[in-house]
>>> print(open('target.txt').read())   # compact mmCIF, C-alpha atoms
# COMPACT_ATOMS: atom_id res chain seq x y z
CA MET A 280 -227.07 -9.88 121.51
CA ASN A 281 -226.67 -10.94 125.13
CA PHE A 282 -223.19 -11.11 126.55
CA ASP A 283 -221.54 -11.88 129.88
CA LYS A 284 -218.51 -9.62 129.70
CA GLU A 285 -217.39 -6.65 127.64
CA LEU A 286 -213.86 -5.78 126.54
CA ASP A 287 -213.03 -2.38 125.08
CA ALA A 288 -209.83 -2.68 123.04
CA SER A 289 -210.34 0.67 121.27
CA GLY A 290 -207.13 2.45 120.33
CA LEU A 291 -205.04 -0.69 120.77
CA ASN A 292 -203.02 -2.13 117.94
CA CYS A 293 -201.84 -5.63 116.96
CA PRO A 294 -201.41 -7.92 118.85
CA LEU A 295 -203.03 -6.32 121.93
CA PRO A 296 -206.71 -6.81 120.96
CA ILE A 297 -206.10 -10.56 120.56
CA LEU A 298 -204.05 -10.84 123.77
CA ARG A 299 -206.71 -8.95 125.75
CA THR A 300 -209.44 -11.12 124.21
CA LYS A 301 -207.59 -14.25 125.25
CA LYS A 302 -207.23 -12.92 128.80
CA ALA A 303 -210.90 -11.86 129.00
CA LEU A 304 -212.07 -15.28 127.76
CA ALA A 305 -210.02 -16.94 130.47
CA GLU A 306 -212.26 -15.27 133.05
CA LEU A 307 -215.42 -16.74 131.53
CA THR A 308 -216.84 -20.25 131.74
CA ALA A 309 -217.66 -22.44 128.75
CA GLY A 310 -220.66 -21.18 126.77
CA GLN A 311 -220.47 -17.61 128.06
CA VAL A 312 -220.22 -14.76 125.56
CA LEU A 313 -217.61 -12.00 125.37
CA LYS A 314 -218.28 -8.72 123.56
CA VAL A 315 -215.16 -7.05 122.14
CA ILE A 316 -214.91 -3.53 120.75
CA ALA A 317 -211.83 -2.65 118.70
CA THR A 318 -210.62 0.04 116.32
CA ASP A 319 -207.75 -1.92 114.74
CA PRO A 320 -208.87 -2.78 111.16
CA GLY A 321 -206.59 -5.84 111.30
CA SER A 322 -208.67 -7.26 114.15
CA VAL A 323 -211.47 -8.29 111.77
CA LYS A 324 -209.42 -11.04 110.14
CA ASP A 325 -207.45 -11.70 113.33
CA MET A 326 -210.55 -12.43 115.41
CA GLN A 327 -211.66 -14.97 112.79
CA ALA A 328 -208.21 -16.56 112.82
CA PHE A 329 -208.13 -16.56 116.62
CA ALA A 330 -211.54 -18.26 116.81
CA LYS A 331 -210.59 -20.83 114.19
CA GLN A 332 -207.38 -21.78 115.95
CA THR A 333 -208.59 -21.76 119.53
CA GLY A 334 -212.02 -23.35 119.01
CA ASN A 335 -213.91 -20.43 120.52
CA GLU A 336 -216.91 -19.47 118.38
CA LEU A 337 -217.11 -16.06 116.71
CA LEU A 338 -220.85 -15.45 116.79
CA SER A 339 -220.76 -12.13 114.96
CA SER A 340 -218.45 -9.50 113.57
CA ALA A 341 -219.70 -6.05 112.59
CA GLU A 342 -218.50 -2.52 111.92
CA GLU A 343 -220.25 0.56 113.19
CA GLY A 344 -218.93 4.11 112.98
CA GLY A 345 -215.28 3.11 112.57
CA LYS A 346 -215.47 0.64 115.44
CA TYR A 347 -215.53 -3.12 115.18
CA GLN A 348 -217.72 -5.22 117.38
CA PHE A 349 -217.29 -8.93 117.98
CA PHE A 350 -219.20 -11.49 119.98
CA MET A 351 -217.23 -14.56 120.94
CA LYS A 352 -218.56 -17.64 122.69
CA LYS A 353 -216.09 -19.43 124.92
CA LYS A 354 -215.35 -23.04 124.10
CA MET B 210 -200.86 -31.89 122.18
CA SER B 211 -200.38 -28.17 121.53
CA LYS B 212 -198.47 -26.80 118.58
CA LYS B 213 -194.96 -25.49 119.12
CA LEU B 214 -193.14 -22.36 117.97
CA ALA B 215 -189.43 -21.66 118.35
CA ILE B 216 -187.93 -18.25 117.58
CA ILE B 217 -184.27 -17.29 117.42
CA ALA B 218 -184.01 -13.55 118.20
CA THR B 219 -180.73 -12.02 117.07
CA LYS B 220 -181.40 -8.30 116.64
CA GLY B 221 -180.97 -5.69 119.34
CA THR B 222 -182.74 -2.59 118.06
CA LEU B 223 -186.11 -1.18 119.13
CA ASP B 224 -187.77 -1.93 115.77
CA TRP B 225 -186.41 -5.49 115.55
CA ALA B 226 -187.39 -6.21 119.14
CA TYR B 227 -191.04 -6.21 118.06
CA PRO B 228 -191.37 -9.17 115.64
CA PRO B 229 -190.18 -11.90 118.05
CA LEU B 230 -192.26 -10.58 120.95
CA ILE B 231 -195.41 -9.99 118.88
CA LEU B 232 -195.22 -13.45 117.34
CA ALA B 233 -194.36 -15.15 120.63
CA SER B 234 -197.19 -13.50 122.58
CA THR B 235 -199.75 -14.08 119.81
CA ALA B 236 -198.76 -17.71 119.37
CA ALA B 237 -199.06 -18.22 123.13
CA ALA B 238 -202.56 -16.71 122.99
CA LEU B 239 -203.42 -19.18 120.23
CA GLY B 240 -202.34 -22.03 122.46
CA TYR B 241 -198.85 -22.64 121.15
CA ASP B 242 -196.03 -23.77 123.37
CA VAL B 243 -193.38 -21.07 122.69
CA GLN B 244 -189.65 -20.72 123.27
CA VAL B 245 -187.55 -17.70 122.27
CA PHE B 246 -183.81 -18.24 122.08
CA CYS B 247 -182.00 -14.89 122.35
CA THR B 248 -178.47 -14.73 121.07
CA PHE B 249 -176.00 -11.99 120.18
CA TYR B 250 -177.80 -8.61 120.07
CA GLY B 251 -181.12 -10.36 120.73
CA LEU B 252 -179.96 -10.59 124.36
CA GLN B 253 -181.05 -6.95 124.70
CA LEU B 254 -184.65 -8.22 124.65
CA LEU B 255 -184.08 -9.99 127.95
CA ARG B 256 -182.28 -7.33 129.93
CA LYS B 257 -184.14 -5.78 132.87
CA ASP B 258 -183.30 -2.37 131.45
CA THR B 259 -184.58 -2.15 127.87
CA SER B 260 -183.42 1.43 127.33
CA GLY B 261 -180.53 0.02 125.30
CA LEU B 262 -183.00 -0.74 122.53
CA LYS B 263 -182.78 2.13 120.07
CA VAL B 264 -183.75 2.67 116.47
CA SER B 265 -181.37 3.95 113.85
CA PRO B 266 -182.55 5.54 110.61
CA LEU B 267 -178.88 5.62 109.55
CA GLY B 268 -178.28 3.37 106.56
CA ASN B 269 -181.92 2.26 106.71
CA PRO B 270 -183.63 3.56 103.55
CA GLY B 271 -186.83 1.65 104.36
CA MET B 272 -187.56 3.69 107.46
CA PRO B 273 -189.90 6.66 107.02
CA MET B 274 -188.77 9.60 109.16
CA LYS B 275 -191.96 11.34 110.21
CA MET B 276 -192.83 13.58 113.13
CA PRO B 277 -195.29 12.19 115.72
CA PHE B 278 -196.72 15.62 116.59
CA GLY B 279 -198.15 18.74 114.96
CA PRO B 280 -200.87 19.19 112.31
CA LYS B 281 -201.53 16.41 109.79
CA TRP B 282 -199.70 18.12 106.91
CA PHE B 283 -196.61 18.32 109.13
CA LYS B 284 -196.86 14.70 110.30
CA ASP B 285 -197.15 13.56 106.69
CA ILE B 286 -193.79 15.02 105.69
CA ASN B 287 -191.12 12.37 105.19
CA TRP B 288 -187.87 13.99 106.31
CA ASN B 289 -185.27 12.85 103.85
CA ILE B 290 -182.09 13.43 105.85
CA PRO B 291 -178.85 12.33 104.15
CA ASN B 292 -176.85 9.59 105.90
CA ILE B 293 -173.82 11.84 106.19
CA VAL B 294 -175.86 14.35 108.21
CA GLN B 295 -177.39 11.61 110.40
CA ALA B 296 -173.96 10.19 111.10
CA SER B 297 -172.42 13.48 112.12
CA ILE B 298 -175.09 14.86 114.46
CA PRO B 299 -174.43 13.67 118.05
CA GLY B 300 -177.56 12.19 119.64
CA TYR B 301 -179.33 11.60 116.33
CA GLU B 302 -180.18 8.00 117.27
CA SER B 303 -181.55 9.06 120.65
CA LEU B 304 -183.72 11.67 118.95
CA ALA B 305 -185.00 9.14 116.40
CA THR B 306 -185.70 6.67 119.25
CA THR B 307 -187.64 9.27 121.23
CA LEU B 308 -189.72 10.13 118.16
CA MET B 309 -190.32 6.43 117.43
CA LYS B 310 -191.47 5.82 121.01
CA MET B 311 -193.93 8.74 120.68
CA THR B 312 -195.26 7.26 117.43
CA ILE B 313 -195.60 3.83 119.06
CA LYS B 314 -197.64 5.37 121.87
CA ASN B 315 -199.81 7.41 119.48
CA CYS B 316 -200.62 4.30 117.44
CA GLY B 317 -201.69 2.21 120.43
CA VAL B 318 -198.79 -0.19 119.89
CA ALA B 319 -197.54 -1.93 123.04
CA THR B 320 -194.16 -1.02 124.51
CA ILE B 321 -191.45 -3.68 124.50
CA ASP B 322 -191.65 -4.05 128.30
CA GLU B 323 -195.41 -4.50 128.06
CA LEU B 324 -195.16 -7.15 125.32
CA ARG B 325 -192.44 -8.98 127.19
CA ASP B 326 -194.54 -9.01 130.38
CA LEU B 327 -197.44 -10.44 128.36
CA CYS B 328 -195.13 -13.15 127.02
CA VAL B 329 -193.91 -14.06 130.50
CA GLU B 330 -197.49 -14.12 131.75
CA ALA B 331 -198.47 -16.42 128.88
CA GLU B 332 -195.61 -18.76 129.83
CA VAL B 333 -193.41 -18.07 126.82
CA LYS B 334 -190.04 -19.52 127.74
CA PHE B 335 -187.06 -17.23 127.20
CA LEU B 336 -183.63 -18.76 126.68
CA ALA B 337 -180.43 -16.71 126.69
CA CYS B 338 -177.35 -17.89 124.85
CA GLN B 339 -174.73 -18.32 127.60
CA MET B 340 -171.85 -17.99 125.14
CA THR B 341 -172.91 -14.50 123.99
CA VAL B 342 -173.73 -13.47 127.57
CA GLU B 343 -170.06 -14.06 128.33
CA LEU B 344 -168.86 -12.65 125.02
CA PHE B 345 -170.58 -9.33 125.74
CA GLY B 346 -169.59 -9.28 129.41
CA PHE B 347 -173.16 -9.37 130.75
CA GLU B 348 -174.06 -10.65 134.21
CA HIS B 349 -177.00 -12.97 134.87
CA ASN B 350 -178.52 -10.46 137.29
CA GLN B 351 -178.90 -7.95 134.43
CA PHE B 352 -181.58 -10.18 132.90
CA ILE B 353 -185.23 -10.63 133.80
CA ASP B 354 -186.19 -13.53 136.07
CA ASN B 355 -187.12 -16.89 134.56
CA VAL B 356 -184.51 -16.66 131.80
CA GLU B 357 -182.64 -19.90 131.28
CA PHE B 358 -179.00 -19.63 130.28
CA VAL B 359 -178.27 -22.37 127.79
CA GLY B 360 -176.34 -23.41 124.70
CA ALA B 361 -177.35 -24.31 121.16
CA ALA B 362 -178.00 -27.96 122.02
CA SER B 363 -180.76 -27.00 124.45
CA PHE B 364 -182.40 -24.92 121.75
CA PHE B 365 -182.45 -27.84 119.33
CA GLU B 366 -184.03 -30.10 121.92
CA PHE B 367 -187.18 -27.97 121.63
CA ALA B 368 -186.74 -26.67 118.07
CA GLY B 369 -186.50 -30.18 116.66
CA GLU B 370 -190.08 -30.85 117.67
CA THR B 371 -191.66 -27.57 116.63
CA ASP B 372 -194.27 -26.86 113.97
CA ILE B 373 -192.77 -23.44 113.22
CA CYS B 374 -189.20 -22.27 113.71
CA LEU B 375 -188.22 -18.69 112.89
CA TYR B 376 -184.90 -16.88 112.72
CA ILE B 377 -185.34 -13.16 113.35
>>> encode(input="target.txt", output="structure tokens")
Amino acid sequence: MNFDKELDASGLNCPLPILRTKKALAELTAGQVLKVIATDPGSVKDMQAFAKQTGNELLSSAEEGGKYQFFMKKK
Amino acid sequence: MSKKLAIIATKGTLDWAYPPLILASTAAALGYDVQVFCTFYGLQLLRKDTSGLKVSPLGNPGMPMKMPFGPKWFKDINWNIPNIVQASIPGYESLATTLMKMTIKNCGVATIDELRDLCVEAEVKFLACQMTVELFGFEHNQFIDNVEFVGAASFFEFAGETDICLYI
């Protein structure tokens, strides 16, 4: 998937992946896509909850080799 | 209009410093308007020097006492140290705090200073209870900038209109 910015939140624990995601999204313009990599298992549900509450769209969420990868489209 | 969260932070230990700051920073990231009212021991959260925040395993049966270093089998041991021993060894709390800080770092958990900076950056408003500031003999210059020194009535002005209000 194409993306405009990548955020590596590996090794960070709650709530840092969400806070960093919020900050990274702030640097994008509407419609641009942010790729987030995280290792916190709690981030899977948290990213969904974050998207639902902020209106940003979670395009995909996947796990690969113990790492979680998210693509989020800025509102 | 954005949702609102008010938190009353009353605890002044390293472990209890986390819940208000984690919830405040996360809520701010979700677009909430957040105020944290710090009173009694919760004032420790707002001091420039946060080294006063310590953790005590004494009289806290819910706290696992594990070592943050060494091989896995060693880290997995839960050191069951009787209260009477904990109470009589000088510096036991400082040792436990040092070990806890190592564990926090190993787990990728933010430090209190880091979380607080993130809150300030996200425009979380911190209120300090003026009455307890005086009660404990603190000076305003011992606190971080942007703290407002107020009384209970100021807290209710915001709390009365919130969607969520928590006492921690």
>>> residues_around(input="target.txt", residues="Ala305 of chain A", least_positions_apart="3", cutoff="12 Å", atoms="all atoms listed in the file", output="list in words")
Lys284, Leu298, Arg299, Thr300, Lys301, Lys302, Thr308, Ala309, Gln311, Val312, Leu313, Asn335, Lys352, Lys353 and Lys354 of chain A; Ala238 and Ala331 of chain B
>>> closest_residue(input="target.txt", among="B:Gln244, B:Ser234, B:Thr219, B:Ser265", to="chain A", atoms="only C-alpha atoms")
B:Ser234
>>> residues_around(input="target.txt", residues="Leu337 of chain A", least_positions_apart="3", cutoff="10 Å", atoms="only C-alpha atoms", output="number ranges by chain")
A: 312-313, 326-331, 334, 340, 349-353
>>> closest_atom_pairs(input="target.txt", of="chain B", to="chain A", cutoff="12 Å", atoms="all atoms listed in the file", output="Markdown table")
| residue | atom | partner | partner_atom | distance |
| --- | --- | --- | --- | --- |
| B:Ser211 | CA | A:Thr333 | CA | 10.6 |
| B:Lys212 | CA | A:Gln332 | CA | 10.6 |
| B:Tyr227 | CA | A:Pro294 | CA | 10.5 |
| B:Pro228 | CA | A:Pro294 | CA | 10.6 |
| B:Pro229 | CA | A:Pro294 | CA | 11.9 |
| B:Leu230 | CA | A:Pro294 | CA | 9.8 |
| B:Ile231 | CA | A:Pro294 | CA | 6.3 |
| B:Leu232 | CA | A:Pro294 | CA | 8.4 |
| B:Ala233 | CA | A:Pro294 | CA | 10.3 |
| B:Ser234 | CA | A:Leu298 | CA | 7.5 |
| B:Thr235 | CA | A:Pro294 | CA | 6.5 |
| B:Ala236 | CA | A:Leu298 | CA | 9.7 |
| B:Ala237 | CA | A:Leu298 | CA | 8.9 |
| B:Ala238 | CA | A:Lys301 | CA | 6.0 |
| B:Leu239 | CA | A:Thr333 | CA | 5.8 |
| B:Gly240 | CA | A:Thr333 | CA | 6.9 |
| B:Tyr241 | CA | A:Thr333 | CA | 9.9 |
| B:Ile313 | CA | A:Asn292 | CA | 9.6 |
| B:Lys314 | CA | A:Leu291 | CA | 9.6 |
| B:Asn315 | CA | A:Gly290 | CA | 8.9 |
| B:Cys316 | CA | A:Asn292 | CA | 6.9 |
| B:Gly317 | CA | A:Leu291 | CA | 4.4 |
| B:Val318 | CA | A:Asn292 | CA | 5.0 |
| B:Ala319 | CA | A:Leu295 | CA | 7.1 |
| B:Thr320 | CA | A:Leu295 | CA | 10.7 |
| B:Glu323 | CA | A:Leu295 | CA | 9.9 |
| B:Leu324 | CA | A:Leu295 | CA | 8.6 |
| B:Asp326 | CA | A:Leu298 | CA | 11.7 |
| B:Leu327 | CA | A:Leu298 | CA | 8.1 |
| B:Cys328 | CA | A:Leu298 | CA | 9.8 |
| B:Glu330 | CA | A:Lys302 | CA | 10.2 |
| B:Ala331 | CA | A:Leu298 | CA | 9.4 |
>>> closest_residue(input="target.txt", among="B:Ala215, B:Leu223, B:Ile373, B:Met276", to="Glu302 of chain B", atoms="only C-alpha atoms")
B:Leu223
>>> closest_residue(input="target.txt", among="A:Gly310, A:Thr318, A:Gly345, A:Asp325", to="Asn281 of chain A", atoms="only C-alpha atoms")
A:Gly310
>>> atom_distance(input="target.txt", atom1="atom CA of Lys275 of chain B", atom2="atom CA of Ala317 of chain A")
25.7 Å
>>> residues_around(input="target.txt", residues="Ala337 of chain B", least_positions_apart="6", cutoff="7 Å", atoms="only C-alpha atoms", output="ChimeraX atom specification")
/B:246-248,252,356-359
>>> atom_distance(input="target.txt", atom1="atom CA of Gly221 of chain B", atom2="atom CA of Arg256 of chain B")
10.8 Å
>>> atom_distance(input="target.txt", atom1="atom CA of Ile298 of chain B", atom2="atom CA of Ile286 of chain B")
20.7 Å
>>> residues_around(input="target.txt", residues="Gly369 of chain B", least_positions_apart="5", cutoff="12 Å", atoms="only C-alpha atoms", output="list of chain:residue names")
B:Lys213, B:Leu214, B:Ala215, B:Gln244, B:Ala361, B:Ala362, B:Ser363, B:Phe364, B:Cys374
>>> build_atoms(input="target.txt", residues="segment 235-247 of chain B", atoms="N, CA and C atoms", output="mmCIF file, in the frame of the given file")
data_model
loop_
_atom_site.group_PDB
_atom_site.id
_atom_site.type_symbol
_atom_site.label_atom_id
_atom_site.label_comp_id
_atom_site.auth_asym_id
_atom_site.auth_seq_id
_atom_site.Cartn_x
_atom_site.Cartn_y
_atom_site.Cartn_z
ATOM 1 N N THR B 235 -198.545 -13.687 120.557
ATOM 2 C CA THR B 235 -199.750 -14.080 119.810
ATOM 3 C C THR B 235 -199.854 -15.599 119.728
ATOM 4 N N ALA B 236 -198.742 -16.253 119.456
ATOM 5 C CA ALA B 236 -198.760 -17.710 119.370
ATOM 6 C C ALA B 236 -199.193 -18.310 120.707
ATOM 7 N N ALA B 237 -198.685 -17.733 121.801
ATOM 8 C CA ALA B 237 -199.060 -18.220 123.130
ATOM 9 C C ALA B 237 -200.561 -18.070 123.339
ATOM 10 N N ALA B 238 -201.121 -16.939 122.852
ATOM 11 C CA ALA B 238 -202.560 -16.710 122.990
ATOM 12 C C ALA B 238 -203.358 -17.712 122.160
ATOM 13 N N LEU B 239 -202.748 -18.202 121.090
ATOM 14 C CA LEU B 239 -203.420 -19.180 120.230
ATOM 15 C C LEU B 239 -203.222 -20.605 120.748
ATOM 16 N N GLY B 240 -202.515 -20.720 121.858
ATOM 17 C CA GLY B 240 -202.340 -22.030 122.460
ATOM 18 C C GLY B 240 -201.042 -22.735 122.136
ATOM 19 N N TYR B 241 -200.147 -22.031 121.465
ATOM 20 C CA TYR B 241 -198.850 -22.640 121.150
ATOM 21 C C TYR B 241 -197.962 -22.705 122.392
ATOM 22 N N ASP B 242 -197.082 -23.665 122.383
ATOM 23 C CA ASP B 242 -196.030 -23.770 123.370
ATOM 24 C C ASP B 242 -194.851 -23.019 122.727
ATOM 25 N N VAL B 243 -194.357 -21.936 123.364
ATOM 26 C CA VAL B 243 -193.380 -21.070 122.690
ATOM 27 C C VAL B 243 -192.060 -20.940 123.448
ATOM 28 N N GLN B 244 -190.963 -21.016 122.691
ATOM 29 C CA GLN B 244 -189.650 -20.720 123.270
ATOM 30 C C GLN B 244 -188.947 -19.701 122.372
ATOM 31 N N VAL B 245 -188.314 -18.702 123.016
ATOM 32 C CA VAL B 245 -187.550 -17.700 122.270
ATOM 33 C C VAL B 245 -186.094 -17.791 122.730
ATOM 34 N N PHE B 246 -185.237 -18.111 121.787
ATOM 35 C CA PHE B 246 -183.810 -18.240 122.080
ATOM 36 C C PHE B 246 -183.130 -16.932 121.665
ATOM 37 N N CYS B 247 -182.602 -16.187 122.644
ATOM 38 C CA CYS B 247 -182.000 -14.890 122.350
ATOM 39 C C CYS B 247 -180.480 -15.014 122.326
#
